[in-house]
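> Next comes my_file07.tsv, TSV, C-alpha atoms:
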chain	number	residue	atom	x	y	z
A	1	MET	CA	-4.78	7.09	11.92
A	2	LYS	CA	-2.43	9.91	12.72
A	3	ASN	CA	-1.25	10.48	9.15
A	4	LYS	CA	-3.44	11.99	6.44
A	5	ILE	CA	-1.37	10.47	3.62
A	6	VAL	CA	-1.87	6.76	2.97
A	7	ASP	CA	-0.11	4.48	0.47
A	8	ILE	CA	-1.86	1.16	-0.14
A	9	TYR	CA	0.30	-1.51	-1.78
A	10	CYS	CA	-1.87	-4.19	-3.32
A	11	PHE	CA	-1.37	-7.49	-5.07
A	12	THR	CA	-4.41	-8.89	-6.86
A	13	GLY	CA	-4.87	-12.00	-8.94
A	14	THR	CA	-8.30	-11.74	-10.50
A	15	GLY	CA	-9.37	-8.46	-8.89
A	16	ASN	CA	-10.89	-9.09	-5.44
A	17	THR	CA	-8.07	-7.44	-3.52
A	18	TYR	CA	-7.99	-4.50	-5.91
A	19	LEU	CA	-11.72	-3.92	-5.31
A	20	THR	CA	-11.08	-4.04	-1.55
A	21	ALA	CA	-8.16	-1.61	-1.79
A	22	LYS	CA	-10.24	0.83	-3.85
A	23	LYS	CA	-13.13	0.59	-1.39
A	24	ILE	CA	-10.80	1.42	1.51
A	25	ALA	CA	-9.22	4.24	-0.49
A	26	ASN	CA	-12.59	5.76	-1.42
A	27	ALA	CA	-13.75	5.67	2.20
A	28	LEU	CA	-10.54	7.32	3.38
A	29	GLN	CA	-10.70	9.96	0.66
A	30	GLY	CA	-14.26	10.73	1.75
A	31	ASN	CA	-12.76	11.60	5.13
A	32	LYS	CA	-10.15	13.95	3.62
A	33	TYR	CA	-7.25	11.50	3.46
A	34	SER	CA	-4.87	11.53	0.51
A	35	VAL	CA	-4.62	7.94	-0.72
A	36	ASN	CA	-2.50	6.22	-3.37
A	37	VAL	CA	-3.31	2.65	-4.38
A	38	LYS	CA	-0.15	1.10	-5.81
A	39	ASN	CA	0.54	-2.13	-7.66
A	40	MET	CA	2.79	-4.19	-5.41
A	41	THR	CA	4.49	-5.91	-8.33
A	42	ARG	CA	5.36	-2.54	-9.88
A	43	SER	CA	6.70	-1.07	-6.64
A	44	GLU	CA	10.05	-1.31	-4.92
A	45	PRO	CA	9.55	-2.15	-1.23
A	46	HIS	CA	12.78	-0.49	-0.09
A	47	LYS	CA	11.56	2.82	-1.54
A	48	ILE	CA	8.28	3.13	0.38
A	49	ASP	CA	7.76	6.45	2.14
A	50	LEU	CA	7.86	5.79	5.88
A	51	SER	CA	6.42	9.22	6.56
A	52	HIS	CA	3.07	7.94	5.20
A	53	THR	CA	0.68	5.40	6.69
A	54	ILE	CA	1.06	2.14	4.77
A	55	GLY	CA	-1.60	-0.38	3.76
A	56	ILE	CA	-0.71	-3.88	2.58
A	57	GLY	CA	-3.37	-5.91	0.74
A	58	PHE	CA	-3.19	-9.34	-0.85
A	59	PRO	CA	-5.21	-12.50	-1.58
A	60	ILE	CA	-5.01	-15.65	0.47
A	61	ALA	CA	-3.56	-18.65	-1.34
A	62	PHE	CA	-3.40	-22.04	0.37
A	63	TRP	CA	-4.16	-20.34	3.72
A	64	ASN	CA	-1.09	-18.18	3.19
A	65	THR	CA	-0.21	-15.97	0.23
A	66	PHE	CA	1.83	-15.82	-2.96
A	67	PRO	CA	5.64	-15.78	-2.94
A	68	VAL	CA	5.71	-12.36	-4.67
A	69	VAL	CA	3.76	-10.87	-1.74
A	70	LYS	CA	6.07	-12.42	0.82
A	71	ASP	CA	9.08	-11.12	-1.11
A	72	PHE	CA	7.61	-7.62	-0.95
A	73	ILE	CA	6.94	-7.80	2.79
A	74	ASN	CA	10.32	-9.35	3.57
A	75	ASN	CA	12.12	-6.60	1.61
A	76	LEU	CA	10.36	-3.71	3.33
A	77	PRO	CA	12.73	-1.49	5.33
A	78	GLN	CA	12.64	-1.34	9.10
A	79	GLY	CA	9.47	0.50	10.03
A	80	ASN	CA	10.71	2.75	12.86
A	81	GLY	CA	7.16	3.07	14.16
A	82	THR	CA	5.43	3.74	10.82
A	83	GLU	CA	1.70	3.01	10.95
A	84	ILE	CA	0.68	0.02	8.84
A	85	PHE	CA	-2.48	-2.01	8.31
A	86	VAL	CA	-2.97	-5.37	6.60
A	87	PHE	CA	-6.03	-6.67	4.75
A	88	THR	CA	-6.58	-9.93	2.92
A	89	THR	CA	-9.23	-11.38	0.62
A	90	MET	CA	-10.20	-15.03	0.47
A	91	GLY	CA	-12.96	-17.32	-0.72
A	92	ASP	CA	-13.11	-19.25	2.56
A	93	SER	CA	-10.91	-19.52	5.67
A	94	SER	CA	-7.56	-17.74	5.84
A	95	LEU	CA	-6.42	-19.40	9.10
A	96	ASN	CA	-5.82	-15.89	10.43
A	97	ALA	CA	-3.05	-15.16	7.92
A	98	ALA	CA	-3.51	-11.39	8.21
A	99	ALA	CA	-2.66	-11.53	11.91
A	100	ASN	CA	0.45	-13.60	11.26
A	101	PHE	CA	1.71	-11.17	8.64
A	102	GLY	CA	0.89	-8.37	11.05
A	103	GLY	CA	3.23	-10.07	13.50
A	104	ILE	CA	6.00	-10.15	10.89
A	105	LEU	CA	5.57	-6.42	10.26
A	106	LYS	CA	5.53	-5.68	13.98
A	107	ASN	CA	8.86	-7.47	14.27
A	108	LYS	CA	10.17	-5.22	11.48
A	109	GLY	CA	9.40	-2.17	13.60
A	110	TYR	CA	6.01	-1.13	12.20
A	111	SER	CA	3.10	0.03	14.32
A	112	VAL	CA	0.36	-2.37	13.19
A	113	ILE	CA	-2.91	-0.45	13.56
A	114	GLY	CA	-5.22	-3.11	12.14
A	115	THR	CA	-5.44	-6.47	10.36
A	116	LYS	CA	-8.53	-7.85	8.69
A	117	GLY	CA	-9.59	-10.57	6.27
A	118	PHE	CA	-12.58	-10.20	3.95
A	119	LEU	CA	-14.57	-13.00	2.31
A	120	MET	CA	-14.83	-12.38	-1.42
A	121	PRO	CA	-15.85	-14.56	-4.39
A	122	ASN	CA	-13.75	-17.67	-4.76
A	123	ASN	CA	-11.59	-17.86	-7.90
A	124	PHE	CA	-10.26	-21.36	-7.32
A	125	ILE	CA	-12.23	-24.63	-7.56
A	126	ALA	CA	-15.41	-23.63	-5.66
A	127	VAL	CA	-16.44	-20.80	-7.99
A	128	GLN	CA	-20.03	-19.77	-7.29
A	129	LYS	CA	-22.77	-18.35	-9.48
A	130	LYS	CA	-22.93	-14.64	-10.29
A	131	GLU	CA	-25.84	-13.92	-7.94
A	132	LYS	CA	-24.01	-15.41	-4.94
A	133	ASN	CA	-20.83	-13.56	-5.84
A	134	ILE	CA	-22.69	-10.25	-5.92
A	135	LEU	CA	-24.13	-10.88	-2.45
A	136	LYS	CA	-20.70	-11.88	-1.15
A	137	ILE	CA	-19.17	-8.63	-2.43
A	138	GLU	CA	-21.99	-6.55	-0.91
A	139	LYS	CA	-21.43	-8.16	2.50
A	140	ALA	CA	-17.70	-7.63	2.20
A	141	TYR	CA	-18.14	-3.96	1.32
A	142	LYS	CA	-20.12	-3.36	4.51
A	143	LYS	CA	-17.34	-4.93	6.58
A	144	ILE	CA	-14.71	-2.95	4.67
A	145	GLU	CA	-16.55	0.28	5.53
A	146	VAL	CA	-16.58	-0.68	9.22
A	147	PHE	CA	-12.89	-1.58	9.17
A	148	THR	CA	-11.97	1.69	7.46
A	149	LYS	CA	-13.94	3.71	10.01
A	150	GLN	CA	-12.14	1.85	12.77
A	151	LEU	CA	-8.81	2.75	11.18
A	152	ILE	CA	-9.82	6.40	11.00
A	153	ASP	CA	-11.07	6.46	14.59
A	154	GLY	CA	-8.07	4.55	15.91
A	155	ASN	CA	-10.26	1.65	17.01
A	156	ALA	CA	-8.99	-0.99	14.59
A	157	LYS	CA	-6.82	-3.61	16.23
A	158	PRO	CA	-4.62	-6.40	14.93
A	159	CYS	CA	-6.39	-9.77	14.89
A	160	LYS	CA	-5.24	-12.07	17.64
A	161	THR	CA	-3.43	-15.26	16.80
A	162	ASN	CA	-2.65	-18.38	18.78
A	163	LEU	CA	-0.42	-21.46	18.66
A	164	PHE	CA	-2.70	-23.33	16.24
A	165	PHE	CA	-2.69	-20.48	13.73
A	166	LYS	CA	1.05	-19.99	14.11
A	167	ILE	CA	1.74	-23.66	13.40
A	168	SER	CA	-0.67	-23.61	10.45
A	169	PHE	CA	1.05	-20.52	9.11
A	170	ALA	CA	4.48	-22.14	9.37
A	171	ILE	CA	3.28	-25.21	7.44
A	172	THR	CA	1.51	-23.25	4.68
A	173	ASP	CA	4.45	-20.84	4.47
A	174	PHE	CA	6.81	-23.75	3.81
A	175	ILE	CA	4.53	-25.13	1.08
A	176	THR	CA	3.88	-21.83	-0.71
A	177	ASN	CA	7.59	-21.02	-0.64
A	178	ARG	CA	8.09	-24.14	-2.80
A	179	TRP	CA	5.74	-22.93	-5.55
A	180	ARG	CA	8.61	-21.64	-7.65
A	181	GLY	CA	10.48	-24.94	-7.47
A	182	LYS	CA	10.87	-27.15	-10.55
A	183	ILE	CA	8.63	-29.96	-9.32
A	184	PHE	CA	5.69	-27.72	-8.44
A	185	GLN	CA	6.03	-25.64	-11.61
A	186	LYS	CA	5.87	-28.81	-13.71
A	187	ILE	CA	2.77	-30.00	-11.87
A	188	VAL	CA	0.72	-26.79	-12.19
A	189	ARG	CA	2.07	-25.39	-15.45
A	190	PHE	CA	-0.72	-24.14	-17.68
A	191	GLY	CA	-1.15	-25.44	-21.18
A	192	LEU	CA	-2.48	-23.81	-24.35
A	193	ASN	CA	-5.13	-24.88	-26.82
A	194	LYS	CA	-3.77	-23.32	-30.01
A	195	ASP	CA	-7.05	-23.92	-31.83
A	196	LYS	CA	-8.79	-21.54	-29.40
A	197	CYS	CA	-5.97	-19.01	-29.00
A	198	ILE	CA	-6.56	-15.78	-30.95
A	199	LYS	CA	-3.02	-14.49	-30.34
A	200	CYS	CA	-4.29	-11.41	-28.50
A	201	ARG	CA	-1.28	-11.45	-26.12
A	202	LEU	CA	-3.52	-10.49	-23.20
A	203	CYS	CA	-2.07	-13.16	-20.91
A	204	PHE	CA	1.42	-11.92	-21.74
A	205	GLU	CA	0.41	-8.33	-20.89
A	206	ILE	CA	-1.30	-9.03	-17.58
A	207	CYS	CA	0.94	-11.68	-15.99
A	208	PRO	CA	2.08	-9.97	-12.78
A	209	VAL	CA	5.50	-11.62	-12.74
A	210	LYS	CA	6.21	-11.75	-16.50
A	211	ASN	CA	6.22	-15.54	-16.51
A	212	ILE	CA	4.67	-15.72	-19.99
A	213	GLN	CA	6.68	-15.25	-23.17
A	214	VAL	CA	5.47	-15.07	-26.76
A	215	GLU	CA	6.85	-17.66	-29.16
A	216	ASP	CA	5.66	-17.74	-32.78
A	217	ASN	CA	2.84	-15.38	-31.74
A	218	TYR	CA	1.57	-17.86	-29.12
A	219	PRO	CA	1.97	-17.54	-25.34
A	220	ALA	CA	4.50	-19.89	-23.81
A	221	PHE	CA	4.58	-20.73	-20.11
A	222	ASN	CA	8.28	-21.39	-19.97
A	223	GLY	CA	9.37	-19.46	-16.91
A	224	MET	CA	9.77	-20.64	-13.32
A	225	LYS	CA	8.00	-17.72	-11.64
A	226	CYS	CA	4.32	-18.70	-11.90
A	227	GLN	CA	2.43	-17.66	-8.78
A	228	LEU	CA	-0.77	-19.59	-9.61
A	229	CYS	CA	-2.67	-16.29	-9.26
A	230	MET	CA	-5.21	-17.42	-11.92
A	231	ARG	CA	-5.03	-14.14	-13.82
A	232	CYS	CA	-4.05	-15.50	-17.23
A	233	ILE	CA	-6.45	-18.44	-17.26
A	234	SER	CA	-9.32	-16.39	-15.84
A	235	TYR	CA	-9.08	-13.46	-18.25
A	236	CYS	CA	-8.36	-15.38	-21.46
A	237	PRO	CA	-11.24	-14.26	-23.75
A	238	THR	CA	-11.47	-17.62	-25.55
A	239	HIS	CA	-10.60	-19.93	-22.63
A	240	ALA	CA	-7.59	-21.16	-24.56
A	241	ILE	CA	-5.44	-21.62	-21.44
A	242	LYS	CA	-6.05	-24.90	-19.68
A	243	SER	CA	-5.14	-26.56	-16.41
A	244	PHE	CA	-6.28	-29.79	-14.78
A	245	LEU	CA	-6.72	-27.80	-11.56
A	246	LEU	CA	-9.47	-25.54	-12.86
A	247	ARG	CA	-12.91	-26.05	-14.34
A	248	LYS	CA	-14.45	-22.67	-13.53
A	249	THR	CA	-12.96	-19.20	-13.31
A	250	TYR	CA	-13.96	-15.85	-11.82
A	251	THR	CA	-12.93	-12.27	-12.57
A	252	ALA	CA	-13.74	-9.21	-10.50
A	253	LEU	CA	-12.51	-6.64	-13.03
A	254	SER	CA	-13.08	-6.03	-16.71
A	255	ILE	CA	-10.31	-6.82	-19.19
A	256	GLU	CA	-9.61	-3.12	-19.61
A	257	GLU	CA	-9.35	-2.64	-15.85
A	258	ILE	CA	-6.92	-5.52	-15.37
A	259	LYS	CA	-4.83	-4.32	-18.34
A	260	LYS	CA	-4.62	-0.84	-16.83
A	261	TRP	CA	-3.67	-2.24	-13.42
A	262	SER	CA	-1.02	-4.45	-15.00
A	263	SER	CA	0.62	-1.75	-17.08
Just give me the structure of the file as structure tokens.


Amino acid sequence: MKNKIVDIYCFTGTGNTYLTAKKIANALQGNKYSVNVKNMTRSEPHKIDLSHTIGIGFPIAFWNTFPVVKDFINNLPQGNGTEIFVFTTMGDSSLNAAANFGGILKNKGYSVIGTKGFLMPNNFIAVQKKEKNILKIEKAYKKIEVFTKQLIDGNAKPCKTNLFFKISFAITDFITNRWRGKIFQKIVRFGLNKDKCIKCRLCFEICPVKNIQVEDNYPAFNGMKCQLCMRCISYCPTHAIKSFLLRKTYTALSIEEIKKWSS
């Protein structure tokens, strides 16, 4: 990387991408880079500093990513040659989503210096036991260190894509863009078990898109902005939030850490 100042914009659901962003930041700081890790949902894309190197990190959802992430990327200014790198986290295959988003950024005038996906613990359906999650994170950290060194040395390269991945990306992009539609929101809307709810308001505080309101001291999922990021249902201390889609949950950060990141 030519620039010694790096701004990493990160979206995280239950914490995997935040851990990855911090690992990259720590490795860069150890090599005398100045790094800021910023919450994507608390940042304005049109105000990014193009004189800095930019990092974009986000989780994979349905082999693509969340609408809020795509909104951020689509609203970035023209890059004019600004260095940028993309990293993703996923529990299984990403169908090369990082490379496809790298292509979008290249078309916006950015100099894409690297794209990489990292396998992290799954937070949707196939949630594994703690021991396997720990091993998965350890393996990911080793690959993150290699990727960061490649960025520093100028040896990181954008992942290559092909027609299959491009078609897959177009299909998954169409589907995930419909997540905020009325039909989908009705299908996936979370419910509340009031007998379990302790009225702590945590879900209200940590929802990244402010889709949760408080009515009569109970959370209400009345908005049309749900990203299905799993944050509210995963961090609820009494498991009072329910969904037919989920039987197990996973969190990478403590409650205090996710509250601090969300504030």

> Residues near segment 231-243 of chain A, anyone? I mean within 6 Å using all atoms listed in the file, not counting same-chain ones fewer than 3 positions away, as a PDB file with C-alpha atoms, keeping the file's coordinate frame.


ATOM      1  CA  GLY A  13      -4.870 -12.000  -8.940  1.00  0.00           C
ATOM      2  CA  THR A  14      -8.300 -11.740 -10.500  1.00  0.00           C
ATOM      3  CA  PHE A 190      -0.720 -24.140 -17.680  1.00  0.00           C
ATOM      4  CA  GLY A 191      -1.150 -25.440 -21.180  1.00  0.00           C
ATOM      5  CA  LEU A 192      -2.480 -23.810 -24.350  1.00  0.00           C
ATOM      6  CA  ASN A 193      -5.130 -24.880 -26.820  1.00  0.00           C
ATOM      7  CA  LYS A 196      -8.790 -21.540 -29.400  1.00  0.00           C
ATOM      8  CA  CYS A 197      -5.970 -19.010 -29.000  1.00  0.00           C
ATOM      9  CA  CYS A 203      -2.070 -13.160 -20.910  1.00  0.00           C
ATOM     10  CA  LEU A 246      -9.470 -25.540 -12.860  1.00  0.00           C
ATOM     11  CA  THR A 249     -12.960 -19.200 -13.310  1.00  0.00           C
TER      12      THR A 249
END

> Between atom CA of Asn74 of chain A and atom CA of Ile175 of chain A, measure the distance and give it in Å to one decimal.

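Atom CA of Ile175 of chain A lies 17.0 Å from atom CA of Asn74 of chain A.
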
> Rank A:Gly117, A:Gly15, A:Gln150, A:Phe87 by their smallest atom-to-atom distance to Glu256 of chain A, using only C-alpha atoms, and report the top residue only.

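Of A:Gly117, A:Gly15, A:Gln150, A:Phe87, the one nearest Glu256 of chain A, counting only C-alpha atoms, is A:Gly15.
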
> Just want the 12 Å neighbourhood of Asp216 of chain A, counted on all atoms listed in the file, with same-chain residues fewer than 2 positions away dropped. Output as a list of chain:residue names.

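Returned residues: A:Lys194, A:Lys199, A:Arg201, A:Gln213, A:Val214, A:Tyr218, A:Pro219, A:Ala220.
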
> So, with all atoms listed in the file as the atoms that count, which of A:Tyr33, A:Phe11, A:Tyr141, A:Phe101 lies closest to Phe66 of chain A?

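Result for the nearest residue to Phe66 of chain A: A:Phe11.
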
> Within 10 Å of segment 168-174 of chain A, which residues of segment 45-135 of chain A come that close, and what is the closest atom pair and distance in Å for each? Count only C-alpha atoms and give it as CSV.


residue,atom,partner,partner_atom,distance
A:Ala61,CA,A:Thr172,CA,9.1
A:Phe62,CA,A:Thr172,CA,6.6
A:Trp63,CA,A:Thr172,CA,6.4
A:Asn64,CA,A:Thr172,CA,5.9
A:Thr65,CA,A:Asp173,CA,8.0
A:Phe66,CA,A:Asp173,CA,9.3
A:Pro67,CA,A:Asp173,CA,9.1
A:Lys70,CA,A:Asp173,CA,9.3
A:Ser94,CA,A:Phe169,CA,9.6
A:Leu95,CA,A:Ser168,CA,7.3
A:Asn96,CA,A:Phe169,CA,8.4
A:Ala97,CA,A:Phe169,CA,6.9
A:Asn100,CA,A:Phe169,CA,7.3
A:Phe101,CA,A:Phe169,CA,9.4

> Looking at A:Asn39, A:Lys129, A:Gly223, A:Asn31, which one is nearest to Cys10 of chain A, with distances taken over all atoms listed in the file?

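Using all atoms listed in the file, Cys10 of chain A sits closest to A:Asn39.
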
> Measure the distance from atom CA of Tyr9 of chain A to atom CA of Asn107 of chain A in Å and round it to one decimal.

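Atom-to-atom, atom CA of Tyr9 of chain A and atom CA of Asn107 of chain A are spaced 19.1 Å apart.
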
> Let me make sure I understand: among A:Ala140, A:Val6, A:Met230, A:Ile258, which one has the smallest atom-to-atom distance to Leu50 of chain A if we use only C-alpha atoms?

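Of all the options, A:Val6 lies closest to Leu50 of chain A.
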
> What is the atom CA of Phe118 of chain A-atom CA of Gly181 of chain A distance in Å, reported with one decimal?

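Result for atom CA of Phe118 of chain A versus atom CA of Gly181 of chain A: 29.7 Å, one decimal.
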
> Tell me which of A:Val68, A:Gly79, A:Ile24, A:Met1 sits closest to Ala156 of chain A, counting all atoms listed in the file.

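Once distances to Ala156 of chain A are computed over all atoms listed in the file, the minimum belongs to A:Met1.
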
> Quick one: residues within 6 Å of segment 90-93 of chain A, only C-alpha atoms counted, chain neighbours fewer than 5 positions away excluded, as a CSV table (one decimal) with C-alpha atoms, in the frame of the given file?


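Wrote it out as selection20.csv, contents follow:
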chain,number,residue,atom,x,y,z
A,59,PRO,CA,-5.2,-12.5,-1.6
A,60,ILE,CA,-5.0,-15.6,0.5
A,119,LEU,CA,-14.6,-13.0,2.3
A,120,MET,CA,-14.8,-12.4,-1.4
A,121,PRO,CA,-15.8,-14.6,-4.4
A,122,ASN,CA,-13.8,-17.7,-4.8

> Do you know which residues are at most 7 Å from His46 of chain A counting all atoms listed in the file, after dropping those on the same chain fewer than 6 positions away, and could you put them as a PyMOL selection string?

chain A and resi 75-77

> Set the distance at 8 Å and use all atoms listed in the file: which residues neighbour segment 183-186 of chain A once local chain neighbours fewer than 5 positions away are removed? I'd like the list as a PyMOL selection string.

chain A and resi 178+224+226

> Kindly output segment 42-74 of chain A as a compact mmCIF listing (two decimals), in the frame of the given file, after building N, CA and C atoms.


# COMPACT_ATOMS: atom_id res chain seq x y z
N ARG A 42 4.71 -3.63 -9.15
CA ARG A 42 5.36 -2.54 -9.88
C ARG A 42 6.02 -1.55 -8.93
N SER A 43 6.14 -1.95 -7.66
CA SER A 43 6.70 -1.07 -6.64
C SER A 43 7.95 -1.69 -6.04
N GLU A 44 8.84 -0.84 -5.57
CA GLU A 44 10.05 -1.31 -4.92
C GLU A 44 9.89 -1.13 -3.41
N PRO A 45 9.86 -2.23 -2.67
CA PRO A 45 9.55 -2.15 -1.23
C PRO A 45 10.53 -1.28 -0.45
N HIS A 46 11.80 -1.26 -0.85
CA HIS A 46 12.78 -0.49 -0.09
C HIS A 46 12.63 1.02 -0.31
N LYS A 47 11.75 1.40 -1.26
CA LYS A 47 11.56 2.82 -1.54
C LYS A 47 10.24 3.38 -0.99
N ILE A 48 9.54 2.62 -0.17
CA ILE A 48 8.28 3.13 0.38
C ILE A 48 8.58 4.34 1.27
N ASP A 49 7.61 5.23 1.35
CA ASP A 49 7.76 6.45 2.14
C ASP A 49 7.28 6.19 3.56
N LEU A 50 8.20 6.09 4.49
CA LEU A 50 7.86 5.79 5.88
C LEU A 50 7.21 6.96 6.61
N SER A 51 7.12 8.10 5.94
CA SER A 51 6.42 9.22 6.56
C SER A 51 4.91 9.13 6.32
N HIS A 52 4.49 8.17 5.48
CA HIS A 52 3.07 7.94 5.20
C HIS A 52 2.57 6.73 5.99
N THR A 53 1.27 6.64 6.19
CA THR A 53 0.68 5.40 6.69
C THR A 53 0.64 4.41 5.53
N ILE A 54 0.96 3.16 5.82
CA ILE A 54 1.06 2.14 4.77
C ILE A 54 -0.04 1.11 4.93
N GLY A 55 -0.65 0.73 3.81
CA GLY A 55 -1.60 -0.38 3.76
C GLY A 55 -1.02 -1.49 2.91
N ILE A 56 -1.19 -2.73 3.33
CA ILE A 56 -0.71 -3.88 2.58
C ILE A 56 -1.91 -4.80 2.34
N GLY A 57 -2.24 -5.06 1.06
CA GLY A 57 -3.37 -5.91 0.74
C GLY A 57 -3.00 -7.02 -0.22
N PHE A 58 -3.52 -8.22 0.01
CA PHE A 58 -3.19 -9.34 -0.85
C PHE A 58 -4.21 -10.47 -0.69
N PRO A 59 -4.30 -11.36 -1.68
CA PRO A 59 -5.21 -12.50 -1.58
C PRO A 59 -4.59 -13.63 -0.76
N ILE A 60 -5.45 -14.45 -0.22
CA ILE A 60 -5.01 -15.65 0.47
C ILE A 60 -4.89 -16.77 -0.54
N ALA A 61 -3.78 -17.49 -0.49
CA ALA A 61 -3.56 -18.65 -1.34
C ALA A 61 -3.05 -19.79 -0.47
N PHE A 62 -3.75 -20.89 -0.47
CA PHE A 62 -3.40 -22.04 0.37
C PHE A 62 -3.21 -21.60 1.82
N TRP A 63 -4.15 -20.85 2.34
CA TRP A 63 -4.16 -20.34 3.72
C TRP A 63 -2.91 -19.53 4.05
N ASN A 64 -2.27 -19.02 3.03
CA ASN A 64 -1.09 -18.18 3.19
C ASN A 64 -1.17 -17.12 2.10
N THR A 65 -0.11 -16.85 1.38
CA THR A 65 -0.21 -15.97 0.23
C THR A 65 0.89 -16.28 -0.77
N PHE A 66 0.92 -15.53 -1.85
CA PHE A 66 1.83 -15.82 -2.96
C PHE A 66 3.27 -15.41 -2.63
N PRO A 67 4.23 -16.13 -3.19
CA PRO A 67 5.64 -15.78 -2.94
C PRO A 67 5.98 -14.33 -3.25
N VAL A 68 5.39 -13.75 -4.31
CA VAL A 68 5.71 -12.36 -4.67
C VAL A 68 5.29 -11.39 -3.56
N VAL A 69 4.21 -11.71 -2.86
CA VAL A 69 3.76 -10.87 -1.74
C VAL A 69 4.73 -10.99 -0.58
N LYS A 70 5.13 -12.21 -0.29
CA LYS A 70 6.07 -12.42 0.82
C LYS A 70 7.42 -11.77 0.52
N ASP A 71 7.83 -11.81 -0.74
CA ASP A 71 9.08 -11.12 -1.11
C ASP A 71 8.97 -9.63 -0.83
N PHE A 72 7.82 -9.05 -1.17
CA PHE A 72 7.61 -7.62 -0.95
C PHE A 72 7.68 -7.29 0.54
N ILE A 73 6.98 -8.05 1.34
CA ILE A 73 6.94 -7.80 2.79
C ILE A 73 8.33 -8.01 3.41
N ASN A 74 9.00 -9.06 3.00
CA ASN A 74 10.32 -9.35 3.57
C ASN A 74 11.36 -8.28 3.20
